[in-house]
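Here's start-v2.txt, which has compact mmCIF, C-alpha atoms and all ligand atoms:
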```txt
# COMPACT_ATOMS: atom_id res chain seq x y z
CA MET A 1 0.00 0.00 0.00
CA ASP A 2 1.25 3.45 -0.89
CA PHE A 3 0.96 5.16 2.50
CA HIS A 4 1.12 8.94 2.98
CA PHE A 5 0.41 10.02 6.55
CA LEU A 6 -0.29 13.60 5.45
CA ASP A 7 -3.42 12.26 3.69
CA CYS A 8 -4.53 10.62 6.95
CA ILE A 9 -4.23 13.94 8.80
CA ARG A 10 -6.28 15.66 6.07
CA ARG A 11 -8.96 12.99 6.09
CA THR A 12 -9.37 13.01 9.90
CA LYS A 13 -9.51 16.81 9.71
CA GLN A 14 -12.34 16.46 7.17
CA LYS A 15 -14.08 13.75 9.26
CA THR A 16 -13.52 11.05 6.62
CA ALA A 17 -12.79 7.65 8.17
CA LEU A 18 -9.40 5.94 7.75
CA THR A 19 -9.22 2.31 6.68
CA ARG A 20 -7.89 -0.48 8.92
CA GLU A 21 -4.85 -0.78 6.60
CA GLU A 22 -4.07 2.92 6.98
CA ILE A 23 -4.36 2.72 10.77
CA ASN A 24 -2.07 -0.34 10.83
CA ALA A 25 0.47 1.50 8.67
CA MET A 26 0.29 4.53 10.95
CA VAL A 27 0.96 2.45 14.10
CA GLN A 28 3.88 0.76 12.28
CA GLY A 29 5.21 4.26 11.62
CA ILE A 30 4.97 5.10 15.33
CA VAL A 31 7.24 2.24 16.46
CA SER A 32 9.49 1.40 13.51
CA GLU A 33 11.41 3.01 10.66
CA PRO A 34 10.54 5.02 8.65
CA LEU A 35 9.14 6.85 11.68
CA ILE A 36 6.30 9.35 11.30
CA PRO A 37 7.63 12.68 12.64
CA ASP A 38 6.20 13.82 15.99
CA TYR A 39 4.82 17.05 14.48
CA GLN A 40 2.64 15.04 12.06
CA LEU A 41 1.48 12.67 14.79
CA ALA A 42 0.66 15.66 17.01
CA ALA A 43 -1.39 17.22 14.22
CA TRP A 44 -3.34 13.98 13.74
CA LEU A 45 -3.94 13.64 17.49
CA MET A 46 -5.38 17.15 17.59
CA ALA A 47 -7.63 16.34 14.60
CA VAL A 48 -8.89 13.28 16.53
CA CYS A 49 -9.48 15.41 19.63
CA CYS A 50 -11.58 17.86 17.63
CA ASN A 51 -13.43 15.44 15.31
CA GLY A 52 -13.33 12.06 17.06
CA LEU A 53 -13.01 8.69 15.32
CA THR A 54 -15.68 6.22 14.22
CA ASP A 55 -16.14 3.14 16.43
CA GLU A 56 -14.52 1.06 13.66
CA GLU A 57 -11.47 3.34 13.54
CA THR A 58 -11.18 3.24 17.35
CA ALA A 59 -11.32 -0.58 17.32
CA ALA A 60 -8.69 -0.76 14.55
CA LEU A 61 -6.41 1.67 16.41
CA THR A 62 -6.77 -0.32 19.66
CA MET A 63 -5.86 -3.63 17.98
CA ALA A 64 -2.96 -2.13 16.02
CA MET A 65 -1.56 -0.59 19.24
CA ARG A 66 -2.02 -3.91 21.08
CA ASP A 67 0.03 -5.63 18.35
CA SER A 68 2.78 -2.99 18.38
CA GLY A 69 4.62 -5.06 21.02
CA GLN A 70 4.48 -8.28 23.02
CA VAL A 71 1.06 -9.85 23.71
CA MET A 72 1.26 -11.92 26.92
CA GLN A 73 -0.25 -15.36 27.41
CA TRP A 74 -0.88 -17.00 30.77
CA ASN A 75 -1.12 -20.77 30.89
CA LEU A 76 -2.43 -21.02 34.44
CA ASP A 77 -4.79 -23.53 36.02
CA GLY A 78 -7.46 -20.98 36.96
CA PRO A 79 -9.18 -17.85 35.65
CA VAL A 80 -6.89 -14.90 34.86
CA ALA A 81 -8.44 -11.51 35.51
CA ASP A 82 -7.38 -7.90 35.34
CA LYS A 83 -8.83 -4.72 36.73
CA HIS A 84 -8.10 -1.17 35.63
CA SER A 85 -9.13 2.17 37.01
CA THR A 86 -9.20 5.13 34.65
CA GLY A 87 -7.52 7.20 37.37
CA GLY A 88 -8.62 8.86 40.58
CA VAL A 89 -7.68 10.46 43.89
CA GLY A 90 -7.17 8.15 46.88
CA ASP A 91 -7.79 5.10 44.65
CA LYS A 92 -5.87 2.26 46.31
CA THR A 93 -8.34 -0.48 45.30
CA THR A 94 -5.71 -2.62 43.49
CA LEU A 95 -3.83 -3.12 46.78
CA ILE A 96 -6.98 -4.61 48.32
CA LEU A 97 -8.73 -6.19 45.34
CA ALA A 98 -5.76 -8.18 43.97
CA PRO A 99 -5.23 -10.09 47.28
CA ILE A 100 -9.00 -10.66 47.69
CA ALA A 101 -9.15 -12.09 44.15
CA ALA A 102 -6.07 -14.26 44.80
CA ALA A 103 -7.63 -15.57 48.04
CA CYS A 104 -10.70 -16.55 45.98
CA GLY A 105 -8.66 -18.56 43.45
CA ILE A 106 -8.44 -15.93 40.70
CA TYR A 107 -5.02 -15.16 39.22
CA MET A 108 -4.39 -11.45 38.94
CA PRO A 109 -1.17 -10.46 37.17
CA LYS A 110 -1.51 -6.70 37.50
CA MET A 111 0.50 -4.24 35.44
CA SER A 112 0.20 -0.76 36.88
CA GLY A 113 1.44 2.73 36.25
CA ARG A 114 2.77 5.75 38.13
CA GLY A 115 0.75 8.81 39.12
CA LEU A 116 -0.48 11.02 36.31
CA GLY A 117 -1.28 14.69 36.95
CA HIS A 118 -3.45 14.98 40.07
CA THR A 119 -4.20 11.22 40.07
CA GLY A 120 -2.14 8.66 42.00
CA GLY A 121 -0.47 5.52 40.63
CA THR A 122 -0.28 2.04 42.18
CA ILE A 123 3.45 1.67 41.45
CA ASP A 124 4.29 4.84 43.42
CA LYS A 125 2.15 3.58 46.31
CA LEU A 126 3.83 0.15 46.41
CA GLU A 127 7.31 1.65 46.12
CA SER A 128 6.70 3.51 49.40
CA ILE A 129 7.06 0.10 51.10
CA PRO A 130 10.70 -0.40 52.14
CA GLY A 131 12.45 -2.85 49.78
CA MET A 132 9.48 -3.34 47.42
CA ARG A 133 10.42 -4.09 43.79
CA THR A 134 7.92 -3.55 40.98
CA ASN A 135 10.35 -3.81 38.06
CA LEU A 136 9.83 -7.55 37.61
CA GLU A 137 11.26 -9.63 34.76
CA PRO A 138 8.55 -11.68 32.96
CA GLU A 139 9.77 -15.02 34.47
CA GLU A 140 9.72 -13.62 38.00
CA PHE A 141 6.31 -12.01 37.46
CA LEU A 142 4.89 -15.37 36.33
CA ARG A 143 6.54 -17.25 39.23
CA ILE A 144 5.02 -14.88 41.83
CA VAL A 145 1.57 -14.92 40.19
CA LYS A 146 1.65 -18.75 40.19
CA LYS A 147 2.71 -18.92 43.84
CA VAL A 148 0.66 -16.08 45.39
CA GLY A 149 -2.18 -15.61 42.90
CA CYS A 150 -1.32 -11.94 42.41
CA ALA A 151 1.65 -9.68 41.72
CA VAL A 152 1.84 -6.01 40.78
CA ALA A 153 4.51 -4.99 38.28
CA MET A 154 5.46 -1.84 36.47
CA GLN A 155 4.07 -1.77 32.92
CA SER A 156 6.70 -3.47 30.76
CA GLY A 157 8.20 -1.30 28.01
CA SER A 158 7.62 -4.13 25.53
CA LEU A 159 3.81 -4.00 25.95
CA ALA A 160 1.97 -1.66 23.55
CA PRO A 161 5.02 0.56 22.82
CA ALA A 162 2.91 2.62 20.37
CA ASP A 163 0.86 3.81 23.37
CA LYS A 164 3.99 4.82 25.25
CA LYS A 165 5.03 7.06 22.37
CA LEU A 166 1.54 8.46 21.70
CA TYR A 167 0.80 9.00 25.39
CA ALA A 168 3.96 11.06 25.89
CA LEU A 169 2.98 13.20 22.88
CA ARG A 170 -0.62 13.60 24.06
CA ASP A 171 0.60 14.71 27.47
CA VAL A 172 2.46 17.68 25.95
CA THR A 173 -0.02 18.60 23.18
CA ALA A 174 -3.25 18.90 25.23
CA THR A 175 -4.70 15.83 23.51
CA VAL A 176 -5.22 13.50 26.48
CA ASP A 177 -8.97 14.03 26.96
CA SER A 178 -10.27 12.37 23.82
CA ILE A 179 -12.58 9.38 24.32
CA PRO A 180 -11.31 7.30 21.33
CA LEU A 181 -7.67 8.01 22.25
CA ILE A 182 -8.24 7.07 25.91
CA CYS A 183 -10.02 3.88 24.81
CA ALA A 184 -7.18 2.85 22.49
CA SER A 185 -4.54 3.73 25.10
CA ILE A 186 -6.11 1.79 27.97
CA MET A 187 -7.43 -1.17 25.99
CA SER A 188 -4.28 -1.75 23.90
CA LYS A 189 -2.38 -2.26 27.19
CA LYS A 190 -5.14 -4.34 28.80
CA LEU A 191 -5.45 -6.64 25.77
CA ALA A 192 -1.65 -7.01 25.53
CA THR A 193 -1.56 -8.02 29.23
CA GLY A 194 -3.51 -11.13 28.26
CA ALA A 195 -6.25 -11.55 30.92
CA ASP A 196 -9.49 -13.29 29.90
CA HIS A 197 -11.69 -11.23 32.25
CA ILE A 198 -11.27 -7.45 32.36
CA LEU A 199 -13.02 -5.30 34.96
CA LEU A 200 -12.86 -1.58 34.25
CA ASP A 201 -13.50 0.95 37.01
CA VAL A 202 -14.45 4.04 34.99
CA LYS A 203 -14.13 7.04 37.28
CA VAL A 204 -16.55 9.91 36.75
CA GLY A 205 -16.65 13.38 38.31
CA SER A 206 -14.52 16.43 38.94
CA GLY A 207 -11.39 14.42 39.82
CA ALA A 208 -11.65 12.05 36.84
CA PHE A 209 -10.79 12.37 33.13
CA MET A 210 -14.52 11.86 32.41
CA LYS A 211 -16.38 14.72 34.08
CA ASN A 212 -19.95 13.49 33.46
CA ASP A 213 -21.88 10.22 33.25
CA ALA A 214 -22.66 10.55 29.53
CA ASP A 215 -18.94 10.73 28.56
CA ALA A 216 -18.02 7.98 31.03
CA GLU A 217 -20.72 5.76 29.56
CA THR A 218 -19.53 6.40 25.99
CA LEU A 219 -15.95 5.53 27.00
CA ALA A 220 -17.12 2.42 28.88
CA ARG A 221 -19.14 1.12 25.93
CA LEU A 222 -16.22 1.66 23.51
CA MET A 223 -13.75 -0.12 25.82
CA LYS A 224 -16.13 -3.04 26.36
CA LYS A 225 -16.65 -3.36 22.60
CA ALA A 226 -12.88 -3.44 22.02
CA ALA A 227 -12.42 -6.15 24.67
CA GLU A 228 -15.25 -8.28 23.30
CA ALA A 229 -13.97 -7.92 19.73
CA ASP A 230 -10.76 -9.51 21.05
CA GLY A 231 -12.64 -12.38 22.69
CA ARG A 232 -12.29 -11.10 26.28
CA GLN A 233 -15.07 -10.73 28.82
CA CYS A 234 -15.39 -7.16 30.07
CA THR A 235 -17.54 -5.31 32.61
CA CYS A 236 -17.34 -1.59 33.28
CA ILE A 237 -18.44 -0.05 36.57
CA LEU A 238 -18.87 3.73 36.62
CA THR A 239 -17.82 5.01 40.05
CA ASP A 240 -17.85 8.40 41.68
CA MET A 241 -14.74 10.60 41.62
CA ASP A 242 -16.37 13.87 42.69
CA ARG A 243 -14.94 13.09 46.13
CA PRO A 244 -11.72 11.23 46.99
CA LEU A 245 -11.96 7.49 47.61
CA GLY A 246 -11.32 6.56 51.25
CA CYS A 247 -9.60 8.90 53.68
CA CYS A 248 -5.91 8.82 52.71
CA ILE A 249 -4.26 10.48 49.71
CA GLY A 250 -0.52 9.99 49.28
CA ASN A 251 1.59 6.90 48.80
CA ALA A 252 2.59 5.44 52.21
CA LEU A 253 -0.65 6.79 53.72
CA GLU A 254 -2.66 4.89 51.11
CA VAL A 255 -0.74 1.66 51.78
CA GLN A 256 -1.58 2.14 55.47
CA GLU A 257 -5.29 2.59 54.65
CA ALA A 258 -5.27 -0.48 52.37
CA ILE A 259 -3.81 -2.57 55.24
CA GLN A 260 -6.56 -1.26 57.53
CA VAL A 261 -9.22 -2.50 55.07
CA LEU A 262 -7.43 -5.85 54.60
CA ARG A 263 -7.47 -6.16 58.40
CA GLY A 264 -11.28 -6.07 58.22
CA ASP A 265 -12.05 -2.38 58.73
CA ALA A 266 -14.09 -2.29 55.52
CA ARG A 267 -17.39 -0.67 56.44
CA ASN A 268 -16.61 2.50 54.52
CA ASP A 269 -16.66 3.72 50.89
CA LEU A 270 -13.28 2.14 50.09
CA GLY A 271 -14.08 -1.26 51.59
CA GLU A 272 -17.52 -1.23 49.97
CA LEU A 273 -16.09 -0.48 46.50
CA CYS A 274 -13.42 -3.19 46.83
CA LEU A 275 -16.02 -5.79 47.84
CA THR A 276 -18.32 -4.72 44.98
CA LEU A 277 -15.47 -5.02 42.46
CA ALA A 278 -14.34 -8.36 43.93
CA ALA A 279 -17.89 -9.77 43.75
CA GLU A 280 -18.15 -8.63 40.13
CA LEU A 281 -14.82 -10.30 39.26
CA LEU A 282 -16.04 -13.54 40.84
CA ARG A 283 -19.28 -13.34 38.84
CA MET A 284 -17.30 -12.78 35.65
CA THR A 285 -15.24 -15.92 36.29
CA GLY A 286 -18.34 -18.08 36.50
CA ILE A 287 -19.35 -18.09 40.18
CA GLU A 288 -23.13 -17.99 40.84
CA GLU A 289 -24.07 -14.33 41.33
CA ILE A 290 -25.80 -15.03 44.65
CA GLU A 291 -22.55 -16.41 46.18
CA CYS A 292 -20.10 -13.78 44.95
CA ARG A 293 -20.45 -11.06 47.58
CA GLN A 294 -20.29 -13.61 50.41
CA LYS A 295 -17.15 -15.21 48.94
CA ALA A 296 -15.46 -11.81 48.63
CA GLU A 297 -16.41 -10.91 52.23
CA ASP A 298 -15.17 -14.27 53.51
CA ALA A 299 -11.80 -13.75 51.81
CA LEU A 300 -11.50 -10.31 53.39
CA TYR A 301 -12.88 -10.89 56.88
CA SER A 302 -11.14 -14.27 57.37
CA GLY A 303 -7.73 -12.58 56.93
CA LYS A 304 -6.95 -14.73 53.87
CA ALA A 305 -6.62 -11.67 51.60
CA LEU A 306 -4.24 -10.05 54.11
CA GLU A 307 -2.14 -13.25 54.04
CA ARG A 308 -1.92 -13.01 50.21
CA PHE A 309 -0.90 -9.36 50.50
CA ALA A 310 1.88 -10.32 52.95
CA MET A 311 3.05 -13.10 50.61
CA MET A 312 3.10 -10.70 47.67
CA LEU A 313 5.20 -8.19 49.63
CA GLU A 314 7.66 -10.89 50.66
CA GLU A 315 8.03 -12.19 47.09
CA GLN A 316 8.53 -8.68 45.71
CA GLY A 317 11.15 -7.77 48.34
CA GLY A 318 8.89 -5.55 50.47
CA ASN A 319 9.08 -5.65 54.25
CA PRO A 320 5.97 -7.62 55.39
CA LYS A 321 6.46 -6.32 58.96
CA ILE A 322 4.72 -3.09 57.84
CA ILE A 323 1.45 -5.02 58.14
CA ASP A 324 1.78 -5.27 61.94
CA ASP A 325 3.66 -2.03 62.37
CA THR A 326 2.76 0.67 59.86
CA ALA A 327 5.22 3.02 61.61
CA LEU A 328 7.85 1.16 59.54
CA LEU A 329 6.47 2.99 56.46
CA PRO A 330 8.06 6.37 55.63
CA GLN A 331 6.91 9.07 58.07
CA ALA A 332 6.64 12.79 57.27
CA ALA A 333 8.68 15.32 59.25
CA CYS A 334 5.91 17.94 59.38
CA SER A 335 2.14 17.90 59.67
CA ARG A 336 -0.65 20.43 60.07
CA VAL A 337 -4.35 20.08 60.86
CA LEU A 338 -6.93 22.15 58.97
CA LYS A 339 -10.03 22.95 61.00
CA ALA A 340 -13.61 23.87 60.12
CA PRO A 341 -14.00 27.67 60.07
CA GLN A 342 -17.75 27.39 60.77
CA SER A 343 -20.44 24.87 61.62
CA GLY A 344 -22.53 23.07 59.00
CA TRP A 345 -22.34 20.05 56.75
CA ILE A 346 -19.47 19.12 54.45
CA ALA A 347 -21.17 19.76 51.10
CA SER A 348 -18.28 18.80 48.81
CA MET A 349 -14.58 17.90 48.82
CA LYS A 350 -13.33 18.57 45.30
CA SER A 351 -11.12 15.65 44.42
CA GLU A 352 -9.13 17.32 41.64
CA GLU A 353 -8.05 20.15 43.98
CA ILE A 354 -7.29 17.67 46.77
CA GLY A 355 -5.20 15.63 44.32
CA LEU A 356 -3.35 18.76 43.21
CA ALA A 357 -2.74 19.73 46.86
CA SER A 358 -1.24 16.29 47.52
CA VAL A 359 1.11 16.86 44.55
CA ARG A 360 2.18 20.19 46.14
CA LEU A 361 2.86 18.33 49.39
CA GLY A 362 5.24 16.04 47.49
CA ALA A 363 3.03 12.97 46.93
CA GLY A 364 3.01 13.44 43.12
CA ARG A 365 5.15 14.95 40.39
CA MET A 366 4.96 18.46 38.90
CA THR A 367 7.33 17.34 36.09
CA LYS A 368 8.29 13.84 34.95
CA ALA A 369 11.76 14.21 36.49
CA ASP A 370 10.47 15.06 40.00
CA ALA A 371 11.12 12.62 42.85
CA ILE A 372 8.18 11.64 45.03
CA ASP A 373 8.08 12.04 48.80
CA PRO A 374 6.52 8.68 49.83
CA ALA A 375 5.44 10.02 53.24
CA ALA A 376 3.64 13.13 51.95
CA GLY A 377 -0.12 13.39 51.65
CA ILE A 378 -3.45 14.11 53.28
CA VAL A 379 -5.67 12.27 55.76
CA LEU A 380 -9.33 13.31 55.66
CA HIS A 381 -11.13 13.28 59.02
CA VAL A 382 -14.52 14.09 57.48
CA LYS A 383 -16.25 13.25 54.18
CA PRO A 384 -19.11 14.91 52.27
CA GLY A 385 -22.26 14.65 54.40
CA THR A 386 -20.47 14.88 57.79
CA GLU A 387 -21.84 17.54 60.18
CA VAL A 388 -19.05 19.67 61.69
CA LEU A 389 -18.61 22.22 64.48
CA PRO A 390 -16.31 25.27 64.31
CA GLY A 391 -12.71 24.23 65.03
CA GLN A 392 -13.33 20.55 64.30
CA PRO A 393 -10.41 18.94 62.40
CA LEU A 394 -11.22 18.51 58.69
CA LEU A 395 -7.96 16.98 57.52
CA THR A 396 -4.27 16.62 58.32
CA MET A 397 -1.54 17.42 55.79
CA TYR A 398 1.85 15.65 55.84
CA ALA A 399 5.02 16.91 54.10
CA ALA A 400 8.79 17.26 54.42
CA GLY A 401 8.64 20.99 55.28
CA GLU A 402 6.44 23.92 56.30
CA ALA A 403 6.71 25.52 52.83
CA GLN A 404 4.89 22.58 51.19
CA LEU A 405 2.21 22.73 53.93
CA ASP A 406 1.67 26.47 53.29
CA ASP A 407 1.42 25.83 49.57
CA ALA A 408 -1.19 23.06 49.89
CA GLU A 409 -3.22 24.75 52.66
CA HIS A 410 -4.45 27.45 50.32
CA LEU A 411 -5.70 24.90 47.75
CA LEU A 412 -7.28 22.69 50.38
CA MET A 413 -9.27 25.50 52.03
CA GLN A 414 -10.89 26.08 48.61
CA ALA A 415 -11.50 22.38 48.03
CA VAL A 416 -13.77 21.88 51.04
CA ALA A 417 -17.22 23.50 51.01
CA ILE A 418 -19.36 23.70 54.17
CA SER A 419 -23.08 24.40 53.78
CA ARG A 420 -25.87 25.29 56.19
CA GLU A 421 -28.10 22.61 54.70
CA GLN A 422 -27.56 18.90 54.76
CA PRO A 423 -26.34 17.93 51.24
CA GLN A 424 -27.57 15.03 49.15
CA ILE A 425 -24.77 12.54 48.63
CA LEU A 426 -24.69 10.74 45.27
CA PRO A 427 -24.24 6.96 45.36
CA GLN A 428 -20.72 5.66 44.79
CA ILE A 429 -21.73 3.34 41.94
CA HIS A 430 -23.28 5.31 39.08
CA ALA A 431 -23.85 2.44 36.60
CA LYS A 432 -22.71 -0.99 35.45
CA ILE A 433 -22.18 -1.70 31.76
N1 LIG B 1 -4.88 6.04 31.28
C1 LIG B 1 -4.22 5.55 30.19
O1 LIG B 1 -3.50 4.56 30.26
N2 LIG B 1 -4.40 6.21 29.03
C2 LIG B 1 -5.18 7.29 28.88
O2 LIG B 1 -5.29 7.81 27.79
C3 LIG B 1 -5.85 7.79 30.03
C4 LIG B 1 -5.68 7.13 31.24
```
Can you give me the file's structure in the form of structure tokens?
Ligand code: URA
Amino acid sequence: MDFHFLDCIRRTKQKTALTREEINAMVQGIVSEPLIPDYQLAAWLMAVCCNGLTDEETAALTMAMRDSGQVMQWNLDGPVADKHSTGGVGDKTTLILAPIAAACGIYMPKMSGRGLGHTGGTIDKLESIPGMRTNLEPEEFLRIVKKVGCAVAMQSGSLAPADKKLYALRDVTATVDSIPLICASIMSKKLATGADHILLDVKVGSGAFMKNDADAETLARLMKKAAEADGRQCTCILTDMDRPLGCCIGNALEVQEAIQVLRGDARNDLGELCLTLAAELLRMTGIEEIECRQKAEDALYSGKALERFAMMLEEQGGNPKIIDDTALLPQAACSRVLKAPQSGWIASMKSEEIGLASVRLGAGRMTKADAIDPAAGIVLHVKPGTEVLPGQPLLTMYAAGEAQLDDAEHLLMQAVAISREQPQILPQIHAKI
């Protein structure tokens, strides 16, 4: 085929669909010589952002990106499942869900990423555990998954390399928030990871990439279609990200909160979401729907999931003693409590601002080269719907110095709204697709 990428840019600009062959040739040109120059790719990405892609183009792009690198295969003696969150604030569900799934006989080889913008990343959270290694070679990853049932590794560079290149370009050309591009980015990696059952936690709200239910639903349907076209089973759950998930934001703090839930303190929004996701995973792998929730609860409340978590830490070099003594996790030098200026009800806690404040405290990166402070972050003492009195603690900030606390305080005071009337709190689960 005589392939001219300039024609593809023109056609997408004019809303004329590209063929599967053209999309395959484009993805080839992203990862191998002759390379398409970045300025042309950036122009095409912007055309997609403005005009979208057809469902057929999105599916073709997803599959071509999946095939741009290694596609993993797991020959294990039980169901292999994966779960992915589209990104949120305080979202430490993988740390809880993977051991619950493993304790229920599901294999979960989980490839995760680092924090992105105001959202946290599972790899940064796990690396706050002294000694923990997430850069696992494929043989070691497989060995741990076989032995423990779960392992969490950094996304391998050989999986979907076309996404790595495109994602870096999107990040610096304001072309991240496009539904077809997000679908192709997430699903190319999920399909290359090789699980048969894929559970997608699509976050929706102010702290998520999808700000409203309609967009989240469109993204969910596209991702599900891509998974099913590849012969995988996929369920999407739309969950609330208008408020942070759980009470801790920041890497070591989130590990601490995950341990608390794994110890059985799960009667809260975080525990509830993890049990809902675990029950759904069990249903997807063929367990009778009526038994799933009970099985997930048994795995959690019996301590079996905590045992799997400890085994995973040990196998990945992390100090399992943190489970009994969380003071062994990194501790911040400075802290400050923010108090309620007036009485009333907590009407909202804007998760994007809270995520940004945690970045200012050192829990995330302002630029790719920044180092993370594993001890930095925020602990919320109240959540939307709590009634407060003047002077009551709202949250505690943790950082390496007073300057970071000053910086974040300003953002946090604007993130929390107190009203005279009791607010209506939206349910955590918006929809299941
Ligand atoms: N996560 C990804 O991996 N890709 C996107 O485009 C957005 C979130």
Quiz item: What separation in Å, quoted to one decimal, exists between CA of Ala174 (chain A) and CA of Gln404 (chain A)?
Solution: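 Here the two named atoms are 27.5 Å from each other.
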Practice problem: Place a sphere of radius 12 Å on (-15.0, 0.9, 37.5) in the file coordinates and name every protein, DNA or RNA residue with an atom inside or on its surface, counting all atoms listed in the file; give the answer as a ChimeraX atom specification. | Solution: /A:82-88,91,93-94,198-204,208,216-217,219-220,223-224,234-241,273-274,276-278,280-281,428-433
Practice problem: Select the residues contacting ligand LIG 1 (chain B) at a distance of at most 7 Å, based on only C-alpha atoms and all ligand atoms, then format the selection as a PyMOL selection string. | Solution: chain A and resi 86-87+167+176+181-183+185-186
Quiz prompt | Shell around Val359 (chain A) at 12 Å using only C-alpha atoms, local window under 3 positions removed, as a ChimeraX atom specification | solution = /A:89,115-120,249-251,352-356,362-367,370-378,397-399,404-405,407-408,411-412
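Residue nearest Arg170 (chain A), chosen from A:Val388, A:Ser32, A:Ile9, A:Ala43 and counting all atoms listed in the file: A:Ala43.
Using only C-alpha atoms, the residues found no farther than 12 Å from Ala168 (chain A), other than those of its own chain fewer than 3 positions away, are A:Asp38, A:Leu41, A:Ala42, A:Leu45, A:Leu116, A:Pro161, A:Ala162, A:Asp163, A:Lys164, A:Lys165, A:Asp171, A:Val172, A:Thr173, A:Ala174, A:Thr175, A:Val176, A:Ser185, A:Lys368.
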Practice problem: Within 8 Å of Thr396 (chain A), counting all atoms listed in the file, which residues show up once you throw out same-chain ones fewer than 6 positions away? Write them as a ChimeraX atom specification, please. | Solution: /A:335-338,378-381
Can I get the selection written as a short mmCIF file (atom, residue, chain, number, x, y, z; two decimals), keeping the file's coordinate frame, with C-alpha atoms?
```cif
data_model
loop_
_atom_site.label_atom_id
_atom_site.label_comp_id
_atom_site.auth_asym_id
_atom_site.auth_seq_id
_atom_site.Cartn_x
_atom_site.Cartn_y
_atom_site.Cartn_z
CA SER A 335 2.14 17.90 59.67
CA ARG A 336 -0.65 20.43 60.07
CA VAL A 337 -4.35 20.08 60.86
CA LEU A 338 -6.93 22.15 58.97
CA ILE A 378 -3.45 14.11 53.28
CA VAL A 379 -5.67 12.27 55.76
CA LEU A 380 -9.33 13.31 55.66
CA HIS A 381 -11.13 13.28 59.02
#
```
Practice problem: May I ask which of the residues A:Met46, A:Arg10, A:Val71, A:Glu387 is the closest one to Leu169 (chain A), counting only C-alpha atoms? | Solution: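 Counting only C-alpha atoms, the residue closest to Leu169 (chain A) is A:Met46.
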Practice problem: Measuring atom to atom with all atoms listed in the file, identify which of A:Gly231, A:Gly286, A:Pro180, A:Pro341 is nearest to Asp55 (chain A). | Solution: A:Pro180
Exercise. Figure out the distance between CA of Leu270 (chain A) and CA of Asp406 (chain A), please, to one decimal in Å.
Key: 28.7 Å
Practice problem: Name the residues in contact with Met63 (chain A) at a cut-off of 9 Å, using all atoms listed in the file, excluding same-chain residues fewer than 6 positions from it; report them as an MDAnalysis selection string. | Solution: chainID A and resid 24 184 187:188 191 226 230
Self-check item: 9 Å contact set for Glu297 (chain A), all atoms listed in the file, chain neighbours under 5 positions out, as a list in words
Solution: Ile100, Leu275, Ala278, Ala279, Cys292 and Ser302 of chain A
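Note that CA of Thr193 (chain A) and CA of Gln233 (chain A) are 13.8 Å apart.
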